[in-house]
$ cat run.pdb   # PDB, C-alpha atoms
ATOM      1  CA  MET A 238      25.208 139.356 -27.348
ATOM      2  CA  SER A 239      21.960 137.944 -28.697
ATOM      3  CA  GLY A 240      23.314 134.714 -30.186
ATOM      4  CA  LYS A 241      24.077 131.657 -28.143
ATOM      5  CA  HIS A 242      25.350 129.099 -30.646
ATOM      6  CA  ILE A 243      29.020 128.148 -30.523
ATOM      7  CA  LEU A 244      31.171 126.834 -33.354
ATOM      8  CA  ALA A 245      34.266 125.015 -32.097
ATOM      9  CA  LEU A 246      37.156 123.943 -34.330
ATOM     10  CA  SER A 247      39.017 120.926 -33.029
ATOM     11  CA  GLY A 248      41.727 118.390 -33.737
ATOM     12  CA  GLY A 249      44.217 116.313 -31.795
ATOM     13  CA  VAL A 250      44.161 115.238 -28.156
ATOM     14  CA  GLY A 251      44.016 118.745 -26.643
ATOM     15  CA  GLY A 252      41.229 119.742 -28.988
ATOM     16  CA  ALA A 253      39.266 116.623 -28.093
ATOM     17  CA  LYS A 254      39.524 117.430 -24.390
ATOM     18  CA  LEU A 255      38.057 120.911 -24.741
ATOM     19  CA  ALA A 256      35.439 119.611 -27.174
ATOM     20  CA  ALA A 257      34.355 117.141 -24.486
ATOM     21  CA  GLY A 258      34.285 119.939 -21.924
ATOM     22  CA  LEU A 259      32.090 122.111 -24.135
ATOM     23  CA  ALA A 260      29.726 119.216 -24.807
ATOM     24  CA  ALA A 261      29.469 118.544 -21.075
ATOM     25  CA  VAL A 262      28.305 122.072 -20.251
ATOM     26  CA  MET A 263      26.292 123.014 -23.364
ATOM     27  CA  ALA A 264      22.967 121.845 -24.719
ATOM     28  CA  PRO A 265      23.249 119.891 -27.993
ATOM     29  CA  ASP A 266      21.322 122.534 -29.950
ATOM     30  CA  ASP A 267      23.815 125.228 -28.915
ATOM     31  CA  LEU A 268      27.093 123.649 -30.054
ATOM     32  CA  THR A 269      28.653 122.512 -33.317
ATOM     33  CA  LEU A 270      31.996 120.728 -33.141
ATOM     34  CA  VAL A 271      33.903 120.740 -36.428
ATOM     35  CA  VAL A 272      36.827 118.337 -36.585
ATOM     36  CA  ASN A 273      39.936 118.309 -38.759
ATOM     37  CA  THR A 274      40.101 115.562 -41.374
ATOM     38  CA  GLY A 275      43.490 116.435 -42.848
ATOM     39  CA  ASP A 276      45.015 113.606 -40.771
ATOM     40  CA  ASP A 277      42.762 111.029 -42.451
ATOM     41  CA  PHE A 278      44.392 108.326 -44.528
ATOM     42  CA  GLU A 279      43.787 104.949 -46.110
ATOM     43  CA  HIS A 280      45.619 102.011 -44.545
ATOM     44  CA  LEU A 281      45.156  98.247 -44.889
ATOM     45  CA  GLY A 282      42.159  98.917 -47.100
ATOM     46  CA  ILE A 283      40.259 101.024 -44.559
ATOM     47  CA  THR A 284      39.709 104.744 -44.021
ATOM     48  CA  ILE A 285      41.134 105.996 -40.735
ATOM     49  CA  CYS A 286      40.089 109.383 -39.311
ATOM     50  CA  PRO A 287      42.274 109.948 -36.226
ATOM     51  CA  ASP A 288      40.919 113.330 -35.145
ATOM     52  CA  LEU A 289      37.284 112.402 -35.685
ATOM     53  CA  ASP A 290      37.889 109.298 -33.607
ATOM     54  CA  SER A 291      39.682 111.208 -30.826
ATOM     55  CA  VAL A 292      36.757 113.605 -30.434
ATOM     56  CA  THR A 293      34.192 110.810 -30.776
ATOM     57  CA  TYR A 294      35.831 108.672 -28.113
ATOM     58  CA  ALA A 295      36.225 111.679 -25.789
ATOM     59  CA  LEU A 296      32.547 112.633 -26.077
ATOM     60  CA  ALA A 297      31.422 109.016 -25.697
ATOM     61  CA  GLY A 298      33.632 108.446 -22.653
ATOM     62  CA  LEU A 299      35.577 105.742 -24.487
ATOM     63  CA  ASN A 300      38.960 107.437 -24.816
ATOM     64  CA  ASP A 301      42.089 106.007 -23.248
ATOM     65  CA  ALA A 302      43.217 108.813 -20.933
ATOM     66  CA  VAL A 303      46.498 107.054 -20.108
ATOM     67  CA  ARG A 304      47.768 106.610 -23.673
ATOM     68  CA  GLY A 305      46.111 109.811 -24.817
ATOM     69  CA  TRP A 306      44.681 108.190 -27.956
ATOM     70  CA  GLY A 307      42.460 105.288 -28.933
ATOM     71  CA  VAL A 308      39.915 103.361 -26.885
ATOM     72  CA  LYS A 309      40.258 102.404 -23.246
ATOM     73  CA  ASP A 310      40.464  98.728 -22.274
ATOM     74  CA  GLU A 311      41.804  97.983 -25.740
ATOM     75  CA  THR A 312      43.167  94.673 -27.010
ATOM     76  CA  TRP A 313      45.526  94.125 -29.946
ATOM     77  CA  GLN A 314      44.866  90.697 -31.417
ATOM     78  CA  THR A 315      43.968  91.949 -34.891
ATOM     79  CA  MET A 316      47.295  93.747 -35.289
ATOM     80  CA  ALA A 317      49.167  90.723 -33.948
ATOM     81  CA  MET A 318      47.588  88.545 -36.625
ATOM     82  CA  LEU A 319      48.203  91.109 -39.363
ATOM     83  CA  ARG A 320      51.884  91.297 -38.452
ATOM     84  CA  ALA A 321      52.070  87.512 -38.369
ATOM     85  CA  LEU A 322      50.677  87.539 -41.902
ATOM     86  CA  GLY A 323      53.398  89.938 -43.010
ATOM     87  CA  GLU A 324      51.245  93.055 -43.256
ATOM     88  CA  GLU A 325      52.389  96.538 -42.281
ATOM     89  CA  GLY A 326      52.170  97.160 -38.565
ATOM     90  CA  TRP A 327      53.611 100.652 -38.211
ATOM     91  CA  PHE A 328      50.180 102.179 -37.455
ATOM     92  CA  ASN A 329      48.822 100.383 -34.416
ATOM     93  CA  LEU A 330      45.076  99.718 -34.456
ATOM     94  CA  GLY A 331      43.298  98.238 -31.467
ATOM     95  CA  ASP A 332      40.525  95.688 -31.831
ATOM     96  CA  ARG A 333      37.723  97.992 -30.633
ATOM     97  CA  ASP A 334      39.167 100.868 -32.643
ATOM     98  CA  MET A 335      39.214  98.627 -35.711
ATOM     99  CA  GLY A 336      35.457  98.211 -35.361
ATOM    100  CA  MET A 337      35.057 101.976 -35.837
ATOM    101  CA  HIS A 338      37.255 101.977 -38.943
ATOM    102  CA  ILE A 339      35.451  99.033 -40.512
ATOM    103  CA  ALA A 340      32.011 100.541 -39.872
ATOM    104  CA  ARG A 341      33.111 103.843 -41.386
ATOM    105  CA  SER A 342      34.906 102.335 -44.369
ATOM    106  CA  TRP A 343      32.177 100.067 -45.677
ATOM    107  CA  ARG A 344      29.525 102.777 -45.378
ATOM    108  CA  LEU A 345      31.730 105.234 -47.268
ATOM    109  CA  ARG A 346      32.172 102.643 -49.983
ATOM    110  CA  ALA A 347      28.405 102.114 -50.025
ATOM    111  CA  GLY A 348      28.051 105.766 -51.026
ATOM    112  CA  GLU A 349      27.415 107.629 -47.783
ATOM    113  CA  THR A 350      29.263 110.896 -47.207
ATOM    114  CA  LEU A 351      31.695 111.277 -44.325
ATOM    115  CA  SER A 352      29.183 113.614 -42.664
ATOM    116  CA  GLU A 353      26.438 110.999 -42.934
ATOM    117  CA  VAL A 354      28.666 108.231 -41.641
ATOM    118  CA  THR A 355      29.936 110.357 -38.743
ATOM    119  CA  ALA A 356      26.374 111.312 -37.754
ATOM    120  CA  ARG A 357      25.388 107.644 -37.760
ATOM    121  CA  LEU A 358      28.387 106.480 -35.710
ATOM    122  CA  THR A 359      28.171 109.248 -33.112
ATOM    123  CA  ARG A 360      24.429 108.702 -32.716
ATOM    124  CA  GLU A 361      24.972 104.981 -32.121
ATOM    125  CA  LEU A 362      27.508 105.879 -29.396
ATOM    126  CA  GLY A 363      24.997 108.136 -27.644
ATOM    127  CA  ILE A 364      26.518 111.479 -28.674
ATOM    128  CA  ALA A 365      23.767 114.092 -28.932
ATOM    129  CA  HIS A 366      25.890 117.067 -30.029
ATOM    130  CA  ALA A 367      26.667 117.855 -33.656
ATOM    131  CA  MET A 368      30.209 116.563 -34.148
ATOM    132  CA  VAL A 369      31.026 116.803 -37.827
ATOM    133  CA  PRO A 370      33.952 116.499 -40.238
ATOM    134  CA  MET A 371      35.327 119.723 -41.648
ATOM    135  CA  SER A 372      34.653 118.484 -45.195
ATOM    136  CA  ASP A 373      33.171 115.564 -47.089
ATOM    137  CA  ASP A 374      35.843 116.065 -49.748
ATOM    138  CA  PRO A 375      39.172 114.301 -49.132
ATOM    139  CA  VAL A 376      41.906 116.545 -47.727
ATOM    140  CA  ARG A 377      45.266 115.003 -46.874
ATOM    141  CA  THR A 378      47.950 116.793 -44.890
ATOM    142  CA  GLN A 379      51.490 116.341 -46.182
ATOM    143  CA  VAL A 380      54.782 117.576 -44.775
ATOM    144  CA  LEU A 381      57.910 118.557 -46.667
ATOM    145  CA  THR A 382      61.193 117.161 -45.356
ATOM    146  CA  ASP A 383      64.634 116.802 -46.929
ATOM    147  CA  ALA A 384      63.347 113.547 -48.419
ATOM    148  CA  GLY A 385      60.463 115.333 -50.181
ATOM    149  CA  TRP A 386      56.715 115.470 -49.547
ATOM    150  CA  THR A 387      55.457 112.786 -47.155
ATOM    151  CA  ASP A 388      51.942 111.898 -46.009
ATOM    152  CA  PHE A 389      51.423 113.198 -42.488
ATOM    153  CA  GLN A 390      50.728 109.889 -40.755
ATOM    154  CA  ARG A 391      53.780 108.250 -42.314
ATOM    155  CA  TRP A 392      55.926 111.105 -40.945
ATOM    156  CA  PHE A 393      54.122 111.416 -37.612
ATOM    157  CA  VAL A 394      53.632 107.771 -36.662
ATOM    158  CA  GLY A 395      55.751 105.773 -39.075
ATOM    159  CA  ASN A 396      58.852 107.968 -38.812
ATOM    160  CA  GLN A 397      58.147 109.293 -35.300
ATOM    161  CA  CYS A 398      58.467 112.957 -36.427
ATOM    162  CA  VAL A 399      62.239 112.580 -36.783
ATOM    163  CA  ASP A 400      62.758 114.549 -40.001
ATOM    164  CA  PRO A 401      62.547 118.362 -39.725
ATOM    165  CA  VAL A 402      59.461 119.842 -41.381
ATOM    166  CA  LEU A 403      60.187 122.510 -43.976
ATOM    167  CA  ASP A 404      56.610 123.123 -45.073
ATOM    168  CA  VAL A 405      53.050 121.791 -44.813
ATOM    169  CA  ARG A 406      50.445 121.465 -47.537
ATOM    170  CA  PHE A 407      46.910 120.110 -47.802
ATOM    171  CA  GLU A 408      46.318 117.885 -50.795
ATOM    172  CA  GLY A 409      42.815 118.563 -52.102
ATOM    173  CA  VAL A 410      42.875 122.273 -51.242
ATOM    174  CA  PRO A 411      41.746 124.360 -53.051
ATOM    175  CA  GLY A 412      38.751 122.390 -54.200
ATOM    176  CA  ALA A 413      37.576 120.960 -50.881
ATOM    177  CA  ARG A 414      34.338 122.484 -49.638
ATOM    178  CA  PRO A 415      33.236 122.849 -46.035
ATOM    179  CA  SER A 416      30.889 120.109 -44.889
ATOM    180  CA  PRO A 417      27.186 121.010 -45.012
ATOM    181  CA  CYS A 418      27.000 121.427 -41.235
ATOM    182  CA  LEU A 419      30.074 123.687 -41.128
ATOM    183  CA  ALA A 420      28.707 125.852 -43.944
ATOM    184  CA  LYS A 421      25.312 126.054 -42.262
ATOM    185  CA  THR A 422      26.825 126.956 -38.883
ATOM    186  CA  LEU A 423      28.943 129.739 -40.372
ATOM    187  CA  ALA A 424      25.724 131.265 -41.746
ATOM    188  CA  ARG A 425      23.694 131.030 -38.514
ATOM    189  CA  ASP A 426      22.097 134.248 -37.288
ATOM    190  CA  ASP A 427      22.488 133.157 -33.663
ATOM    191  CA  LEU A 428      26.208 132.374 -33.803
ATOM    192  CA  ALA A 429      27.840 133.871 -30.706
ATOM    193  CA  ALA A 430      31.508 132.945 -31.129
ATOM    194  CA  VAL A 431      34.023 130.720 -32.838
ATOM    195  CA  ILE A 432      36.280 128.780 -30.479
ATOM    196  CA  ILE A 433      39.601 127.350 -31.629
ATOM    197  CA  CYS A 434      40.428 124.470 -29.324
ATOM    198  CA  PRO A 435      43.999 123.940 -28.037
ATOM    199  CA  SER A 436      45.071 122.126 -31.190
ATOM    200  CA  ASN A 437      48.206 122.293 -33.325
ATOM    201  CA  PRO A 438      47.648 125.337 -35.582
ATOM    202  CA  PHE A 439      49.649 123.920 -38.497
ATOM    203  CA  LEU A 440      48.208 120.416 -38.491
ATOM    204  CA  SER A 441      44.756 120.570 -36.888
ATOM    205  CA  VAL A 442      43.372 124.068 -37.452
ATOM    206  CA  ASP A 443      44.944 125.222 -40.724
ATOM    207  CA  PRO A 444      43.275 122.444 -42.753
ATOM    208  CA  ILE A 445      39.866 123.723 -41.612
ATOM    209  CA  LEU A 446      40.728 127.330 -42.362
ATOM    210  CA  ALA A 447      42.113 126.366 -45.781
ATOM    211  CA  LEU A 448      38.807 124.919 -47.014
ATOM    212  CA  ASP A 449      37.175 126.851 -49.835
ATOM    213  CA  GLY A 450      35.413 129.928 -48.471
ATOM    214  CA  VAL A 451      35.935 129.244 -44.752
ATOM    215  CA  ARG A 452      38.413 132.045 -44.047
ATOM    216  CA  ASP A 453      36.247 134.560 -45.937
ATOM    217  CA  ALA A 454      33.171 133.410 -44.038
ATOM    218  CA  LEU A 455      34.981 133.858 -40.720
ATOM    219  CA  ALA A 456      36.130 137.333 -41.751
ATOM    220  CA  ALA A 457      32.531 138.304 -42.485
ATOM    221  CA  LEU A 458      31.311 137.263 -39.040
ATOM    222  CA  ARG A 459      30.714 139.873 -36.375
ATOM    223  CA  VAL A 460      31.457 137.526 -33.511
ATOM    224  CA  PRO A 461      34.664 136.951 -31.546
ATOM    225  CA  VAL A 462      37.143 134.256 -32.505
ATOM    226  CA  ILE A 463      38.574 132.877 -29.274
ATOM    227  CA  ALA A 464      41.507 130.461 -29.124
ATOM    228  CA  VAL A 465      42.939 128.405 -26.295
ATOM    229  CA  SER A 466      46.699 128.111 -26.654
ATOM    230  CA  PRO A 467      48.082 124.581 -27.073
ATOM    231  CA  LEU A 468      51.238 125.607 -25.186
ATOM    232  CA  VAL A 469      51.804 125.415 -21.441
ATOM    233  CA  GLY A 470      54.939 126.798 -19.847
ATOM    234  CA  GLY A 471      56.545 127.397 -23.221
ATOM    235  CA  ALA A 472      56.124 123.764 -24.283
ATOM    236  CA  ALA A 473      53.635 121.602 -26.147
ATOM    237  CA  ILE A 474      51.786 119.098 -23.969
ATOM    238  CA  LYS A 475      51.690 116.471 -26.697
ATOM    239  CA  GLY A 476      52.593 116.118 -30.359
ATOM    240  CA  PRO A 477      55.102 117.832 -32.659
ATOM    241  CA  LEU A 478      54.040 121.481 -32.266
ATOM    242  CA  ALA A 479      57.132 122.667 -30.363
ATOM    243  CA  LYS A 480      59.393 120.883 -32.828
ATOM    244  CA  MET A 481      57.604 122.417 -35.802
ATOM    245  CA  LEU A 482      57.752 125.936 -34.352
ATOM    246  CA  ALA A 483      61.480 125.649 -33.739
ATOM    247  CA  GLU A 484      62.124 124.209 -37.207
ATOM    248  CA  ARG A 485      60.272 127.139 -38.759
ATOM    249  CA  GLY A 486      62.476 129.591 -36.919
ATOM    250  CA  HIS A 487      59.899 130.621 -34.331
ATOM    251  CA  GLY A 488      60.164 130.607 -30.589
ATOM    252  CA  VAL A 489      58.034 128.046 -28.784
ATOM    253  CA  SER A 490      55.785 130.742 -27.386
ATOM    254  CA  ASN A 491      52.265 132.082 -27.379
ATOM    255  CA  GLU A 492      53.506 135.001 -29.439
ATOM    256  CA  ALA A 493      54.371 132.519 -32.208
ATOM    257  CA  ILE A 494      50.877 131.029 -31.987
ATOM    258  CA  ALA A 495      49.298 134.484 -32.185
ATOM    259  CA  CYS A 496      51.614 135.495 -35.013
ATOM    260  CA  HIS A 497      50.511 132.510 -37.069
ATOM    261  CA  TYR A 498      46.809 133.216 -36.655
ATOM    262  CA  GLN A 499      47.164 136.962 -37.042
ATOM    263  CA  ASP A 500      49.699 137.204 -39.848
ATOM    264  CA  HIS A 501      49.124 134.055 -41.871
ATOM    265  CA  TRP A 502      45.335 134.143 -41.590
ATOM    266  CA  GLY A 503      44.782 137.903 -41.528
ATOM    267  CA  ASP A 504      43.955 139.021 -38.001
ATOM    268  CA  LEU A 505      41.836 135.961 -37.332
ATOM    269  CA  LEU A 506      41.980 136.024 -33.520
ATOM    270  CA  ASP A 507      40.277 138.364 -31.085
ATOM    271  CA  HIS A 508      41.054 136.661 -27.789
ATOM    272  CA  LEU A 509      43.661 134.138 -26.617
ATOM    273  CA  LEU A 510      43.545 132.102 -23.416
ATOM    274  CA  ILE A 511      46.985 131.163 -22.125
ATOM    275  CA  ASP A 512      48.174 129.134 -19.176
ATOM    276  CA  GLU A 513      49.171 130.862 -15.942
ATOM    277  CA  ALA A 514      52.688 129.498 -16.440
ATOM    278  CA  ASP A 515      52.959 131.795 -19.482
ATOM    279  CA  GLU A 516      51.751 135.010 -17.855
ATOM    280  CA  ALA A 517      54.906 136.781 -19.019
ATOM    281  CA  ASP A 518      53.535 136.557 -22.586
ATOM    282  CA  VAL A 519      50.603 138.871 -21.869
ATOM    283  CA  SER A 520      52.243 142.165 -22.791
ATOM    284  CA  CYS A 521      53.522 141.015 -26.191
ATOM    285  CA  LEU A 522      50.137 139.506 -27.033
ATOM    286  CA  GLN A 523      48.306 142.658 -26.042
ATOM    287  CA  ALA A 524      50.734 144.646 -28.174
ATOM    288  CA  ARG A 525      49.415 142.650 -31.132
ATOM    289  CA  GLY A 526      45.919 143.893 -30.337
ATOM    290  CA  LEU A 527      44.716 140.693 -28.716
ATOM    291  CA  ARG A 528      42.671 140.379 -25.583
ATOM    292  CA  VAL A 529      44.274 137.841 -23.268
ATOM    293  CA  THR A 530      42.987 135.700 -20.428
ATOM    294  CA  VAL A 531      45.424 133.939 -18.099
ATOM    295  CA  THR A 532      44.042 130.751 -16.576
ATOM    296  CA  LYS A 533      44.764 127.074 -16.018
ATOM    297  CA  THR A 534      44.613 125.455 -19.442
ATOM    298  CA  MET A 535      45.846 121.978 -18.466
ATOM    299  CA  MET A 536      42.981 119.488 -18.643
ATOM    300  CA  ARG A 537      43.820 116.379 -16.644
ATOM    301  CA  GLU A 538      40.332 115.523 -15.427
ATOM    302  CA  ALA A 539      36.742 116.044 -16.534
ATOM    303  CA  ALA A 540      36.417 118.891 -14.032
ATOM    304  CA  ASP A 541      39.330 120.688 -15.705
ATOM    305  CA  ARG A 542      37.738 120.339 -19.127
ATOM    306  CA  GLU A 543      34.414 121.672 -17.934
ATOM    307  CA  ARG A 544      35.943 124.566 -15.979
ATOM    308  CA  LEU A 545      37.966 125.683 -19.002
ATOM    309  CA  ALA A 546      34.939 125.332 -21.273
ATOM    310  CA  LYS A 547      32.901 127.562 -18.951
ATOM    311  CA  GLU A 548      35.664 130.192 -18.911
ATOM    312  CA  VAL A 549      35.775 130.265 -22.712
ATOM    313  CA  LEU A 550      31.987 130.522 -22.906
ATOM    314  CA  ALA A 551      32.009 133.380 -20.404
ATOM    315  CA  ILE A 552      34.367 135.289 -22.704
ATOM    316  CA  ALA A 553      31.915 134.602 -25.542
ATOM    317  CA  GLY A 554      29.114 136.047 -23.451
ATOM    318  CA  ILE A 555      27.362 132.712 -22.900
TER     319      ILE A 555
END

$ encode --input "run.pdb" --output "structure tokens"
Amino acid sequence: MSGKHILALSGGVGGAKLAAGLAAVMAPDDLTLVVNTGDDFEHLGITICPDLDSVTYALAGLNDAVRGWGVKDETWQTMAMLRALGEEGWFNLGDRDMGMHIARSWRLRAGETLSEVTARLTRELGIAHAMVPMSDDPVRTQVLTDAGWTDFQRWFVGNQCVDPVLDVRFEGVPGARPSPCLAKTLARDDLAAVIICPSNPFLSVDPILALDGVRDALAALRVPVIAVSPLVGGAAIKGPLAKMLAERGHGVSNEAIACHYQDHWGDLLDHLLIDEADEADVSCLQARGLRVTVTKTMMREAADRERLAKEVLAIAGI
């Protein structure tokens, strides 16, 4: 394989971990990290981009590994004051985290694009790799429950994922274009592979694939699309993936993950990495025409993230 550039699609905590692993073992010129923005929302007058922040904090070494989200060594005085003033407190924002949201929000309102703002913020935090939003156009994930369509963050955080999800849609799609860096990366002559990080397919990866022209561009590529499963031992490590699979009538299995990428997105995947606890899934995945690698996909420490990143890159021929 002559190319050596990698395009990685990421979202959520698991996606941020592998993104950090890839950044740790790859030169900045060889990696583009594209991050889901379907989770973005406006709250208390500011624009919050949870997945962009998760990846940013992971790459900058600022993430809180204990909570799994936000900034380490956080304090909460701003939220305490807001609640005392009678403002909504259902979405908890730390003081250091609030600094990120304020910096992003005022620059967006000054006319900068989300790509421009993200490049500025990541550069100031010492991140050398290209870590970019999937789109500069607003895309907002919504879920359908018995109560009707609800903004994702209100369902996920505000309602603690209680209501069963009947469907998912992305407000702004069609019509939302890939960000300039994503479009440019998809057209690179030296692209070696596309890596789908261990993110929730419905909530973190589908919004990227749903952008205007992205699925067609991926179909035209002659490079492997390699995914790391977000399931370990038939369960989701974090987030509502297992719940959503069950509510959609699927088993909580790697076969369900493969089925979504293969059937819904038209044979998107070439290779799937699964955890050694799920080795029994190999035969059914191979029957779908997938190549399968069984390995340790849990990423508890930096060494785990880097080891897994190297294994994925080896599959890509890097």

$ resolve_selection --input "run.pdb" --expression "the PyMOL selection byres ((chain A and resi 409) around 9)" --output "number ranges by chain"
A: 374-377, 407-408, 410-413

$ closest_atom_pairs --input "run.pdb" --of "stretch 376-464 of chain A" --to "stretch 240-254 of chain A" --cutoff "9 Å" --atoms "all atoms listed in the file" --output "JSON lines"
{"residue": "A:Leu419", "atom": "CA", "partner": "A:Leu244", "partner_atom": "CA", "distance": 8.5}
{"residue": "A:Thr422", "atom": "CA", "partner": "A:Leu244", "partner_atom": "CA", "distance": 7.0}
{"residue": "A:Leu423", "atom": "CA", "partner": "A:Leu244", "partner_atom": "CA", "distance": 7.9}
{"residue": "A:Arg425", "atom": "CA", "partner": "A:His242", "partner_atom": "CA", "distance": 8.3}
{"residue": "A:Asp426", "atom": "CA", "partner": "A:Gly240", "partner_atom": "CA", "distance": 7.2}
{"residue": "A:Asp427", "atom": "CA", "partner": "A:Gly240", "partner_atom": "CA", "distance": 3.9}
{"residue": "A:Leu428", "atom": "CA", "partner": "A:His242", "partner_atom": "CA", "distance": 4.6}
{"residue": "A:Ala429", "atom": "CA", "partner": "A:Gly240", "partner_atom": "CA", "distance": 4.6}
{"residue": "A:Ala430", "atom": "CA", "partner": "A:Ile243", "partner_atom": "CA", "distance": 5.4}
{"residue": "A:Val431", "atom": "CA", "partner": "A:Leu244", "partner_atom": "CA", "distance": 4.8}
{"residue": "A:Ile432", "atom": "CA", "partner": "A:Ala245", "partner_atom": "CA", "distance": 4.6}
{"residue": "A:Ile433", "atom": "CA", "partner": "A:Leu246", "partner_atom": "CA", "distance": 5.0}
{"residue": "A:Cys434", "atom": "CA", "partner": "A:Gly252", "partner_atom": "CA", "distance": 4.8}
{"residue": "A:Pro435", "atom": "CA", "partner": "A:Gly252", "partner_atom": "CA", "distance": 5.1}
{"residue": "A:Ser436", "atom": "CA", "partner": "A:Gly252", "partner_atom": "CA", "distance": 5.0}
{"residue": "A:Asn437", "atom": "CA", "partner": "A:Gly249", "partner_atom": "CA", "distance": 7.3}
{"residue": "A:Leu440", "atom": "CA", "partner": "A:Gly248", "partner_atom": "CA", "distance": 8.3}
{"residue": "A:Ser441", "atom": "CA", "partner": "A:Gly248", "partner_atom": "CA", "distance": 4.9}
{"residue": "A:Val442", "atom": "CA", "partner": "A:Ser247", "partner_atom": "CA", "distance": 7.0}
{"residue": "A:Ile445", "atom": "CA", "partner": "A:Leu246", "partner_atom": "CA", "distance": 7.8}

$ atom_distance --input "run.pdb" --atom1 "atom CA of A:Leu259" --atom2 "atom CA of A:Arg542"
7.8 Å

$ closest_atom_pairs --input "run.pdb" --of "stretch 418-481 of chain A" --to "stretch 301-305 of chain A" --cutoff "12 Å" --atoms "all atoms listed in the file" --output "tab-separated table"
residue	atom	partner	partner_atom	distance
A:Ile474	CA	A:Gly305	CA	10.9
A:Lys475	CA	A:Gly305	CA	8.9
A:Gly476	CA	A:Gly305	CA	10.6

$ closest_residue --input "run.pdb" --among "A:Met335, A:Ala493, A:Ile552, A:Leu268" --to "A:Val529" --atoms "all atoms listed in the file"
A:Ile552

$ build_atoms --input "run.pdb" --residues "stretch 367-379 of chain A" --atoms "N, CA, C and O atoms" --output "compact mmCIF listing (two decimals), keeping the file's coordinate frame"
# COMPACT_ATOMS: atom_id res chain seq x y z
N ALA A 367 26.22 117.92 -32.27
CA ALA A 367 26.67 117.86 -33.66
C ALA A 367 28.19 117.85 -33.69
O ALA A 367 28.83 118.85 -33.38
N MET A 368 28.76 116.72 -34.02
CA MET A 368 30.21 116.56 -34.15
C MET A 368 30.47 116.12 -35.57
O MET A 368 30.13 115.00 -35.95
N VAL A 369 31.03 117.02 -36.38
CA VAL A 369 31.03 116.80 -37.83
C VAL A 369 32.42 116.95 -38.41
O VAL A 369 33.28 117.66 -37.87
N PRO A 370 32.68 116.28 -39.55
CA PRO A 370 33.95 116.50 -40.24
C PRO A 370 34.00 117.87 -40.86
O PRO A 370 32.96 118.45 -41.20
N MET A 371 35.19 118.40 -41.04
CA MET A 371 35.33 119.72 -41.65
C MET A 371 34.87 119.72 -43.10
O MET A 371 34.38 120.72 -43.62
N SER A 372 35.01 118.57 -43.78
CA SER A 372 34.65 118.48 -45.20
C SER A 372 34.30 117.05 -45.54
O SER A 372 34.79 116.10 -44.92
N ASP A 373 33.43 116.89 -46.54
CA ASP A 373 33.17 115.56 -47.09
C ASP A 373 34.11 115.25 -48.25
O ASP A 373 34.14 114.12 -48.74
N ASP A 374 34.85 116.25 -48.70
CA ASP A 374 35.84 116.06 -49.75
C ASP A 374 37.16 115.64 -49.11
O ASP A 374 37.52 116.14 -48.03
N PRO A 375 37.91 114.74 -49.73
CA PRO A 375 39.17 114.30 -49.13
C PRO A 375 40.22 115.40 -49.11
O PRO A 375 40.49 116.05 -50.12
N VAL A 376 40.78 115.63 -47.92
CA VAL A 376 41.91 116.54 -47.73
C VAL A 376 42.98 115.75 -46.99
O VAL A 376 42.67 115.09 -45.99
N ARG A 377 44.20 115.78 -47.48
CA ARG A 377 45.27 115.00 -46.87
C ARG A 377 46.46 115.89 -46.57
O ARG A 377 47.05 116.48 -47.48
N THR A 378 46.80 115.99 -45.31
CA THR A 378 47.95 116.79 -44.89
C THR A 378 49.24 116.08 -45.27
O THR A 378 49.40 114.88 -45.05
N GLN A 379 50.17 116.85 -45.83
CA GLN A 379 51.49 116.34 -46.18
C GLN A 379 52.54 117.29 -45.65
O GLN A 379 52.31 118.51 -45.56
